[in-house]
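Here's my_file-v4.cif, which has mmCIF, C-alpha atoms:
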```
data_start
loop_
_atom_site.group_PDB
_atom_site.id
_atom_site.type_symbol
_atom_site.label_atom_id
_atom_site.label_comp_id
_atom_site.auth_asym_id
_atom_site.auth_seq_id
_atom_site.Cartn_x
_atom_site.Cartn_y
_atom_site.Cartn_z
ATOM 1 C CA MET A 1 -23.585 96.773 -73.583
ATOM 2 C CA ASN A 2 -20.758 95.999 -71.510
ATOM 3 C CA SER A 3 -18.879 93.004 -72.804
ATOM 4 C CA SER A 4 -17.057 92.461 -69.537
ATOM 5 C CA ALA A 5 -20.249 91.451 -67.650
ATOM 6 C CA PRO A 6 -20.843 87.746 -67.781
ATOM 7 C CA ASP A 7 -24.238 86.814 -69.109
ATOM 8 C CA ILE A 8 -24.137 83.233 -67.752
ATOM 9 C CA HIS A 9 -24.628 82.839 -64.022
ATOM 10 C CA ASP A 10 -23.164 80.076 -61.989
ATOM 11 C CA ILE A 11 -25.551 77.399 -60.697
ATOM 12 C CA HIS A 12 -26.839 77.675 -57.172
ATOM 13 C CA ALA A 13 -26.962 74.949 -54.564
ATOM 14 C CA PRO A 14 -30.222 72.934 -54.623
ATOM 15 C CA PHE A 15 -33.071 74.388 -52.601
ATOM 16 C CA LEU A 16 -34.457 71.689 -50.325
ATOM 17 C CA ILE A 17 -38.198 71.796 -49.807
ATOM 18 C CA PRO A 18 -38.856 70.839 -46.215
ATOM 19 C CA GLN A 19 -41.129 67.815 -45.867
ATOM 20 C CA ASP A 20 -44.203 68.732 -43.876
ATOM 21 C CA TRP A 21 -44.977 65.763 -41.624
ATOM 22 C CA ARG A 22 -48.544 66.951 -41.162
ATOM 23 C CA VAL A 23 -49.644 66.118 -44.733
ATOM 24 C CA PRO A 24 -49.094 62.325 -44.569
ATOM 25 C CA VAL A 25 -50.569 62.264 -41.062
ATOM 26 C CA LEU A 26 -53.683 64.109 -42.272
ATOM 27 C CA ILE A 27 -54.067 61.773 -45.260
ATOM 28 C CA GLY A 28 -53.658 58.676 -43.065
ATOM 29 C CA THR A 29 -56.118 60.001 -40.500
ATOM 30 C CA ALA A 30 -58.650 60.803 -43.205
ATOM 31 C CA ALA A 31 -58.282 57.277 -44.651
ATOM 32 C CA VAL A 32 -58.773 55.651 -41.225
ATOM 33 C CA LEU A 33 -61.812 57.826 -40.513
ATOM 34 C CA ALA A 34 -63.307 56.996 -43.911
ATOM 35 C CA LEU A 35 -62.822 53.256 -43.288
ATOM 36 C CA LEU A 36 -64.393 53.566 -39.837
ATOM 37 C CA LEU A 37 -67.341 55.454 -41.280
ATOM 38 C CA VAL A 38 -67.889 52.766 -43.916
ATOM 39 C CA TRP A 39 -67.595 50.000 -41.296
ATOM 40 C CA PHE A 40 -70.070 51.657 -38.908
ATOM 41 C CA GLY A 41 -72.468 52.307 -41.798
ATOM 42 C CA TRP A 42 -72.289 48.671 -42.865
ATOM 43 C CA ARG A 43 -72.917 47.504 -39.278
ATOM 44 C CA TRP A 44 -75.846 49.896 -38.904
ATOM 45 C CA LEU A 45 -77.461 48.717 -42.146
ATOM 46 C CA ARG A 46 -76.884 45.097 -41.204
ATOM 47 C CA ALA A 47 -78.477 45.613 -37.788
ATOM 48 C CA ARG A 48 -81.563 47.170 -39.372
ATOM 49 C CA ARG A 49 -82.046 44.286 -41.798
ATOM 50 C CA PRO A 50 -84.339 41.633 -40.346
ATOM 51 C CA GLN A 51 -82.486 38.469 -39.408
ATOM 52 C CA LEU A 52 -83.674 35.165 -40.814
ATOM 53 C CA THR A 53 -85.181 32.697 -38.384
ATOM 54 C CA LEU A 54 -83.787 29.189 -37.974
ATOM 55 C CA VAL A 55 -86.690 27.795 -40.011
ATOM 56 C CA GLU A 56 -86.085 30.295 -42.853
ATOM 57 C CA ARG A 57 -82.328 29.575 -42.893
ATOM 58 C CA THR A 58 -82.978 25.836 -42.940
ATOM 59 C CA LEU A 59 -85.510 26.102 -45.772
ATOM 60 C CA LEU A 60 -83.005 28.143 -47.804
ATOM 61 C CA LYS A 61 -80.366 25.458 -47.230
ATOM 62 C CA LEU A 62 -82.821 22.775 -48.328
ATOM 63 C CA ASP A 63 -83.629 24.748 -51.488
ATOM 64 C CA ALA A 64 -79.901 24.960 -52.204
ATOM 65 C CA THR A 65 -79.817 21.149 -52.588
ATOM 66 C CA ARG A 66 -82.011 21.259 -55.701
ATOM 67 C CA PRO A 67 -79.019 21.269 -58.112
ATOM 68 C CA LEU A 68 -77.843 17.957 -56.613
ATOM 69 C CA MET A 69 -81.317 16.552 -57.153
ATOM 70 C CA GLU A 70 -81.484 17.835 -60.718
ATOM 71 C CA ASP A 71 -78.029 16.399 -61.495
ATOM 72 C CA GLY A 72 -79.173 12.996 -60.262
ATOM 73 C CA ASP A 73 -76.549 12.865 -57.486
ATOM 74 C CA VAL A 74 -78.601 10.646 -55.188
ATOM 75 C CA ARG A 75 -75.940 10.090 -52.536
ATOM 76 C CA GLY A 76 -74.828 13.731 -52.443
ATOM 77 C CA PHE A 77 -78.417 14.916 -52.280
ATOM 78 C CA SER A 78 -79.430 12.538 -49.496
ATOM 79 C CA VAL A 79 -76.292 13.356 -47.454
ATOM 80 C CA ALA A 80 -76.914 17.093 -47.811
ATOM 81 C CA VAL A 81 -80.620 16.928 -46.954
ATOM 82 C CA SER A 82 -79.999 14.619 -43.996
ATOM 83 C CA ASP A 83 -77.208 16.844 -42.638
ATOM 84 C CA ILE A 84 -79.388 19.943 -42.964
ATOM 85 C CA VAL A 85 -82.302 18.349 -41.119
ATOM 86 C CA ARG A 86 -80.031 16.908 -38.408
ATOM 87 C CA GLY A 87 -78.368 20.306 -37.966
ATOM 88 C CA TYR A 88 -81.784 21.912 -37.698
ATOM 89 C CA VAL A 89 -82.911 19.389 -35.074
ATOM 90 C CA GLU A 90 -79.708 19.919 -33.123
ATOM 91 C CA GLU A 91 -80.063 23.695 -33.089
ATOM 92 C CA ARG A 92 -83.841 23.842 -32.650
ATOM 93 C CA PHE A 93 -84.277 21.205 -29.961
ATOM 94 C CA ALA A 94 -80.820 21.333 -28.314
ATOM 95 C CA VAL A 95 -80.084 17.637 -28.826
ATOM 96 C CA HIS A 96 -77.065 15.956 -30.386
ATOM 97 C CA ALA A 97 -78.198 14.710 -33.760
ATOM 98 C CA THR A 98 -75.287 15.140 -36.149
ATOM 99 C CA GLN A 99 -72.774 12.798 -34.508
ATOM 100 C CA ARG A 100 -75.144 9.890 -33.944
ATOM 101 C CA THR A 101 -76.420 7.128 -36.133
ATOM 102 C CA THR A 102 -80.086 7.289 -37.018
ATOM 103 C CA THR A 103 -80.878 4.397 -34.679
ATOM 104 C CA GLU A 104 -79.048 6.024 -31.753
ATOM 105 C CA PHE A 105 -80.655 9.375 -32.422
ATOM 106 C CA LEU A 106 -84.178 7.961 -32.631
ATOM 107 C CA ARG A 107 -83.704 5.741 -29.583
ATOM 108 C CA ASP A 108 -82.134 8.384 -27.304
ATOM 109 C CA CYS A 109 -83.751 11.637 -28.356
ATOM 110 C CA LEU A 110 -87.218 10.676 -29.374
ATOM 111 C CA ALA A 111 -87.742 8.284 -26.466
ATOM 112 C CA GLN A 112 -87.549 11.106 -23.922
ATOM 113 C CA VAL A 113 -90.917 11.695 -22.303
ATOM 114 C CA GLY A 114 -92.261 15.150 -23.092
ATOM 115 C CA SER A 115 -89.838 15.731 -25.955
ATOM 116 C CA ALA A 116 -91.014 18.288 -28.489
ATOM 117 C CA LEU A 117 -89.816 15.885 -31.170
ATOM 118 C CA GLN A 118 -92.273 13.158 -30.176
ATOM 119 C CA ALA A 119 -95.020 14.740 -32.270
ATOM 120 C CA HIS A 120 -92.777 14.339 -35.327
ATOM 121 C CA GLU A 121 -91.284 10.964 -34.467
ATOM 122 C CA GLN A 122 -92.938 9.025 -37.300
ATOM 123 C CA SER A 123 -92.168 11.479 -40.103
ATOM 124 C CA LEU A 124 -88.614 12.149 -38.878
ATOM 125 C CA SER A 125 -87.914 8.436 -38.479
ATOM 126 C CA GLU A 126 -89.108 7.630 -42.013
ATOM 127 C CA PHE A 127 -87.209 10.569 -43.475
ATOM 128 C CA LEU A 128 -83.891 9.665 -41.813
ATOM 129 C CA LYS A 129 -84.166 5.963 -42.645
ATOM 130 C CA PHE A 130 -84.932 6.818 -46.279
ATOM 131 C CA CYS A 131 -81.841 9.060 -46.361
ATOM 132 C CA ASP A 132 -79.748 6.281 -44.824
ATOM 133 C CA LEU A 133 -80.834 3.861 -47.538
ATOM 134 C CA ALA A 134 -79.653 6.285 -50.205
ATOM 135 C CA LYS A 135 -76.433 7.179 -48.356
ATOM 136 C CA PHE A 136 -75.212 3.808 -47.161
ATOM 137 C CA ALA A 137 -77.081 1.128 -49.099
ATOM 138 C CA ARG A 138 -76.607 3.032 -52.376
ATOM 139 C CA TRP A 139 -80.323 2.821 -52.945
ATOM 140 C CA SER A 140 -81.204 4.485 -56.212
ATOM 141 C CA LEU A 141 -83.808 7.235 -56.112
ATOM 142 C CA ASN A 142 -85.568 8.677 -59.124
ATOM 143 C CA GLY A 143 -86.413 12.352 -59.473
ATOM 144 C CA GLU A 144 -89.890 11.945 -58.005
ATOM 145 C CA GLU A 145 -88.548 10.173 -54.918
ATOM 146 C CA MET A 146 -85.910 12.871 -54.386
ATOM 147 C CA ARG A 147 -88.577 15.580 -54.691
ATOM 148 C CA GLY A 148 -90.649 13.672 -52.126
ATOM 149 C CA LEU A 149 -87.648 13.468 -49.808
ATOM 150 C CA LEU A 150 -87.068 17.213 -50.117
ATOM 151 C CA SER A 151 -90.756 17.887 -49.617
ATOM 152 C CA SER A 152 -90.887 15.774 -46.450
ATOM 153 C CA ALA A 153 -87.810 17.580 -45.093
ATOM 154 C CA ARG A 154 -89.427 20.948 -45.785
ATOM 155 C CA GLN A 155 -92.694 19.835 -44.182
ATOM 156 C CA PHE A 156 -90.889 18.608 -41.057
ATOM 157 C CA VAL A 157 -88.992 21.885 -40.678
ATOM 158 C CA GLU A 158 -92.086 24.020 -41.250
ATOM 159 C CA SER A 159 -94.293 22.017 -38.892
ATOM 160 C CA SER A 160 -91.718 21.644 -36.106
ATOM 161 C CA GLY A 161 -90.741 25.291 -36.250
ATOM 162 C CA ASN A 162 -93.953 26.293 -34.496
ATOM 163 C CA VAL A 163 -93.832 23.667 -31.750
ATOM 164 C CA PRO A 164 -93.121 25.176 -28.323
ATOM 165 C CA ILE A 165 -90.201 23.550 -26.547
ATOM 166 C CA ARG A 166 -90.852 22.434 -22.981
ATOM 167 C CA GLN A 167 -87.999 22.802 -20.564
ATOM 168 C CA SER A 168 -87.556 19.844 -18.216
#
```
I need this file expressed as structure tokens, please.
Amino acid sequence: MNSSAPDIHDIHAPFLIPQDWRVPVLIGTAAVLALLLVWFGWRWLRARRPQLTLVERTLLKLDATRPLMEDGDVRGFSVAVSDIVRGYVEERFAVHATQRTTTEFLRDCLAQVGSALQAHEQSLSEFLKFCDLAKFARWSLNGEEMRGLLSSARQFVESSGNVPIRQS
């Protein structure tokens, strides 16, 4: 061995690895494409699923008021059921029902000759007045009366859902 040869080498300058701009672009593009694929798949599945009718949506909303009834929240229950039925009437028969008092609604909407609501005038009138008593007069309802109120709302929605609407 030659003792004059150094066995320790000097350090070299750092070797810089060039950043390839294509890798982050490919990853980003793949992520965007994956999100688009998921979004289009979700839209496709949603379009294939049968949509609920107005009557079915309204009946589901009415069923959702059962916890208020079971908790004994008379005012909350009657407000919810009344709002659901008024919203249904507004959407189904194209009349303004939610921003009117019961008296105004019954006088203006049901008095129209040839109105599709005329066949249901008696039941709707009794239902809304009963709700008003619970909402504004703080009339106490027992469980049986609340079930009857819910049942009459369901019956109105089911029976009026099949009535053809005449255009004037």
Next item on the list: Please write the residues picked by the PyMOL selection byres ((chain A and resi 86-95) around 12) on this file as a ChimeraX atom specification.
Entry: /A:53-62,78-85,96-102,105-106,108-110,112,115-118,120-121,124-125,127-128,131,153-154,156-158,160-167
Can you write out the residues you just picked, keeping C-alpha atoms, as a PDB file, in the coordinates of the input?
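again-v3.pdb, freshly written:
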```pdb
ATOM      1  CA  THR A  53     -85.181  32.697 -38.384  1.00  0.00           C
ATOM      2  CA  LEU A  54     -83.787  29.189 -37.974  1.00  0.00           C
ATOM      3  CA  VAL A  55     -86.690  27.795 -40.011  1.00  0.00           C
ATOM      4  CA  GLU A  56     -86.085  30.295 -42.853  1.00  0.00           C
ATOM      5  CA  ARG A  57     -82.328  29.575 -42.893  1.00  0.00           C
ATOM      6  CA  THR A  58     -82.978  25.836 -42.940  1.00  0.00           C
ATOM      7  CA  LEU A  59     -85.510  26.102 -45.772  1.00  0.00           C
ATOM      8  CA  LEU A  60     -83.005  28.143 -47.804  1.00  0.00           C
ATOM      9  CA  LYS A  61     -80.366  25.458 -47.230  1.00  0.00           C
ATOM     10  CA  LEU A  62     -82.821  22.775 -48.328  1.00  0.00           C
ATOM     11  CA  SER A  78     -79.430  12.538 -49.496  1.00  0.00           C
ATOM     12  CA  VAL A  79     -76.292  13.356 -47.454  1.00  0.00           C
ATOM     13  CA  ALA A  80     -76.914  17.093 -47.811  1.00  0.00           C
ATOM     14  CA  VAL A  81     -80.620  16.928 -46.954  1.00  0.00           C
ATOM     15  CA  SER A  82     -79.999  14.619 -43.996  1.00  0.00           C
ATOM     16  CA  ASP A  83     -77.208  16.844 -42.638  1.00  0.00           C
ATOM     17  CA  ILE A  84     -79.388  19.943 -42.964  1.00  0.00           C
ATOM     18  CA  VAL A  85     -82.302  18.349 -41.119  1.00  0.00           C
ATOM     19  CA  HIS A  96     -77.065  15.956 -30.386  1.00  0.00           C
ATOM     20  CA  ALA A  97     -78.198  14.710 -33.760  1.00  0.00           C
ATOM     21  CA  THR A  98     -75.287  15.140 -36.149  1.00  0.00           C
ATOM     22  CA  GLN A  99     -72.774  12.798 -34.508  1.00  0.00           C
ATOM     23  CA  ARG A 100     -75.144   9.890 -33.944  1.00  0.00           C
ATOM     24  CA  THR A 101     -76.420   7.128 -36.133  1.00  0.00           C
ATOM     25  CA  THR A 102     -80.086   7.289 -37.018  1.00  0.00           C
ATOM     26  CA  PHE A 105     -80.655   9.375 -32.422  1.00  0.00           C
ATOM     27  CA  LEU A 106     -84.178   7.961 -32.631  1.00  0.00           C
ATOM     28  CA  ASP A 108     -82.134   8.384 -27.304  1.00  0.00           C
ATOM     29  CA  CYS A 109     -83.751  11.637 -28.356  1.00  0.00           C
ATOM     30  CA  LEU A 110     -87.218  10.676 -29.374  1.00  0.00           C
ATOM     31  CA  GLN A 112     -87.549  11.106 -23.922  1.00  0.00           C
ATOM     32  CA  SER A 115     -89.838  15.731 -25.955  1.00  0.00           C
ATOM     33  CA  ALA A 116     -91.014  18.288 -28.489  1.00  0.00           C
ATOM     34  CA  LEU A 117     -89.816  15.885 -31.170  1.00  0.00           C
ATOM     35  CA  GLN A 118     -92.273  13.158 -30.176  1.00  0.00           C
ATOM     36  CA  HIS A 120     -92.777  14.339 -35.327  1.00  0.00           C
ATOM     37  CA  GLU A 121     -91.284  10.964 -34.467  1.00  0.00           C
ATOM     38  CA  LEU A 124     -88.614  12.149 -38.878  1.00  0.00           C
ATOM     39  CA  SER A 125     -87.914   8.436 -38.479  1.00  0.00           C
ATOM     40  CA  PHE A 127     -87.209  10.569 -43.475  1.00  0.00           C
ATOM     41  CA  LEU A 128     -83.891   9.665 -41.813  1.00  0.00           C
ATOM     42  CA  CYS A 131     -81.841   9.060 -46.361  1.00  0.00           C
ATOM     43  CA  ALA A 153     -87.810  17.580 -45.093  1.00  0.00           C
ATOM     44  CA  ARG A 154     -89.427  20.948 -45.785  1.00  0.00           C
ATOM     45  CA  PHE A 156     -90.889  18.608 -41.057  1.00  0.00           C
ATOM     46  CA  VAL A 157     -88.992  21.885 -40.678  1.00  0.00           C
ATOM     47  CA  GLU A 158     -92.086  24.020 -41.250  1.00  0.00           C
ATOM     48  CA  SER A 160     -91.718  21.644 -36.106  1.00  0.00           C
ATOM     49  CA  GLY A 161     -90.741  25.291 -36.250  1.00  0.00           C
ATOM     50  CA  ASN A 162     -93.953  26.293 -34.496  1.00  0.00           C
ATOM     51  CA  VAL A 163     -93.832  23.667 -31.750  1.00  0.00           C
ATOM     52  CA  PRO A 164     -93.121  25.176 -28.323  1.00  0.00           C
ATOM     53  CA  ILE A 165     -90.201  23.550 -26.547  1.00  0.00           C
ATOM     54  CA  ARG A 166     -90.852  22.434 -22.981  1.00  0.00           C
ATOM     55  CA  GLN A 167     -87.999  22.802 -20.564  1.00  0.00           C
TER      56      GLN A 167
END
```
Margin query: Please list as a ChimeraX atom specification every residue within 10 Å of A:Met69, counting all atoms listed in the file and excluding residues in the same chain fewer than 3 positions away.
Written below: /A:64-66,72-78,141-147,150
Take every atom of stretch 137-142 of chain A listed in the file, fit an axis-aligned box around them, add 3 Å per side, and give the centre and edge lengths in Å to one decimal as JSON.
```
{"center_x": -81.1, "center_y": 4.9, "center_z": -54.1, "size_x": 15.0, "size_y": 13.5, "size_z": 16.0}
```
Next item on the list: Take atom CA of A:Ser123 and atom CA of A:Gln155 and report the distance between them in Å, one decimal.
Entry: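 Taking atom CA of A:Ser123 as the start and atom CA of A:Gln155 as the end point, the length is 9.3 Å.
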Notebook entry, point to check: When you draw a straight line from atom CA of A:Arg22 to atom CA of A:Trp39, how long is it in Å?
Noted result: 25.5 Å
Check: So how many Å separate atom CA of A:Leu133 and atom CA of A:Glu104, to one decimal?
Finding: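 A separation of 16.0 Å between them.
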